[in-house]
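Data first, discussion second: the structure below is written as structure tokens.
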Amino acid sequence: VVQQYIPPGREIRVGVVELPDGTLQTLPKYEYFVSPEDPIRTMTHKYTDKDDQGELKLATSQRKCPADVDPELEAELDRQAKLAHKALKHRDYSLFDFRVDPQGNVYLLEACPYVSFTPGCPLMVMTDHTDLKCPV
């Protein structure tokens, strides 16, 4: 597979939740900070040292939720995430990672077909900033 290289600008995760009436609600955006010197997130970006019980801890730096996005970018991210949710026939929820290049062009990087429901996972952090609450 050969893909176009998308220069680092911003990497933003978008969550979509399907409401009981079938409408799609996007969640506050979750940004992972990338740079030309550090353009690709690895396990080091996701986890830090082990906790007292020897379990990996989630990294807390290099990310922000809710992300600072202007209304135009937010509308485009929401549009693409909802289209992808429908096209992939997801139900209940979905997560998508987007790269926004330095010129502001939005590219879908990946669909995240599974999610952790642990308190620090992105979907739970996103819903913490809405009236939707997960009982976990």
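Letters A, B, ... go to the chains of the structure tokens in the order shown; residues in each chain start at 1; ligands are counted from 1 in the same order.
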
Nearby residues (only C-alpha atoms) at most 12 Å from Arg79 of chain A, same-chain spacing under 2 positions excluded, as a PDB file with C-alpha atoms, in the first residue's frame:
ATOM      1  CA  VAL A  14     -13.674  12.642  16.872  1.00  0.00           C
ATOM      2  CA  GLY A  15     -16.245  10.601  18.752  1.00  0.00           C
ATOM      3  CA  VAL A  16     -19.760   9.972  17.476  1.00  0.00           C
ATOM      4  CA  LEU A  24     -25.725  11.253  15.535  1.00  0.00           C
ATOM      5  CA  GLN A  25     -24.078  13.482  18.107  1.00  0.00           C
ATOM      6  CA  THR A  26     -20.407  14.327  17.853  1.00  0.00           C
ATOM      7  CA  GLU A  72     -15.269  25.851  10.550  1.00  0.00           C
ATOM      8  CA  LEU A  73     -12.836  23.031  11.397  1.00  0.00           C
ATOM      9  CA  GLU A  74     -15.271  21.560  13.913  1.00  0.00           C
ATOM     10  CA  ALA A  75     -18.036  21.491  11.296  1.00  0.00           C
ATOM     11  CA  GLU A  76     -15.775  19.698   8.784  1.00  0.00           C
ATOM     12  CA  LEU A  77     -14.578  17.151  11.361  1.00  0.00           C
ATOM     13  CA  ALA A  81     -17.020  11.634  11.149  1.00  0.00           C
ATOM     14  CA  LYS A  82     -20.773  11.285  10.646  1.00  0.00           C
ATOM     15  CA  LEU A  83     -20.286  10.261   7.008  1.00  0.00           C
ATOM     16  CA  ALA A  84     -17.722   7.640   8.020  1.00  0.00           C
ATOM     17  CA  HIS A  85     -19.980   6.362  10.833  1.00  0.00           C
ATOM     18  CA  LYS A  86     -22.792   5.793   8.322  1.00  0.00           C
ATOM     19  CA  PHE A  96     -12.152   8.437  14.124  1.00  0.00           C
ATOM     20  CA  VAL A 106      -8.701  17.315   6.862  1.00  0.00           C
ATOM     21  CA  LEU A 108      -9.232  10.569   7.846  1.00  0.00           C
TER      22      LEU A 108
END

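Restricting the calculation to only C-alpha atoms, the smallest distance between Leu95 of chain A and any of A:Tyr5, A:Thr23, A:Tyr30, A:Arg10 is found for A:Tyr30.
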
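Among the candidates A:Leu27, A:Leu109, A:Val34, A:Ala67, the one nearest to Met126 of chain A when counting only C-alpha atoms is A:Leu27.
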
Find the residue from A:Leu19, A:Thr130, A:Tyr107, A:Val115 that sits nearest to Gln4 of chain A; use only C-alpha atoms when measuring. A:Tyr107

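When atom CA of Cys121 of chain A is paired with atom CA of Gly104 of chain A, their separation reads 26.7 Å.
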
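Among the candidates A:Ala111, A:Ile12, A:Ile6, A:Val1, the residue lying nearest to Phe98 of chain A is A:Ile12 (atoms considered: only C-alpha atoms).
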
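Distances to Tyr93 of chain A were evaluated for A:Glu18, A:Asp68, A:Glu37, A:Glu11 using only C-alpha atoms, and the minimum falls at A:Glu18.
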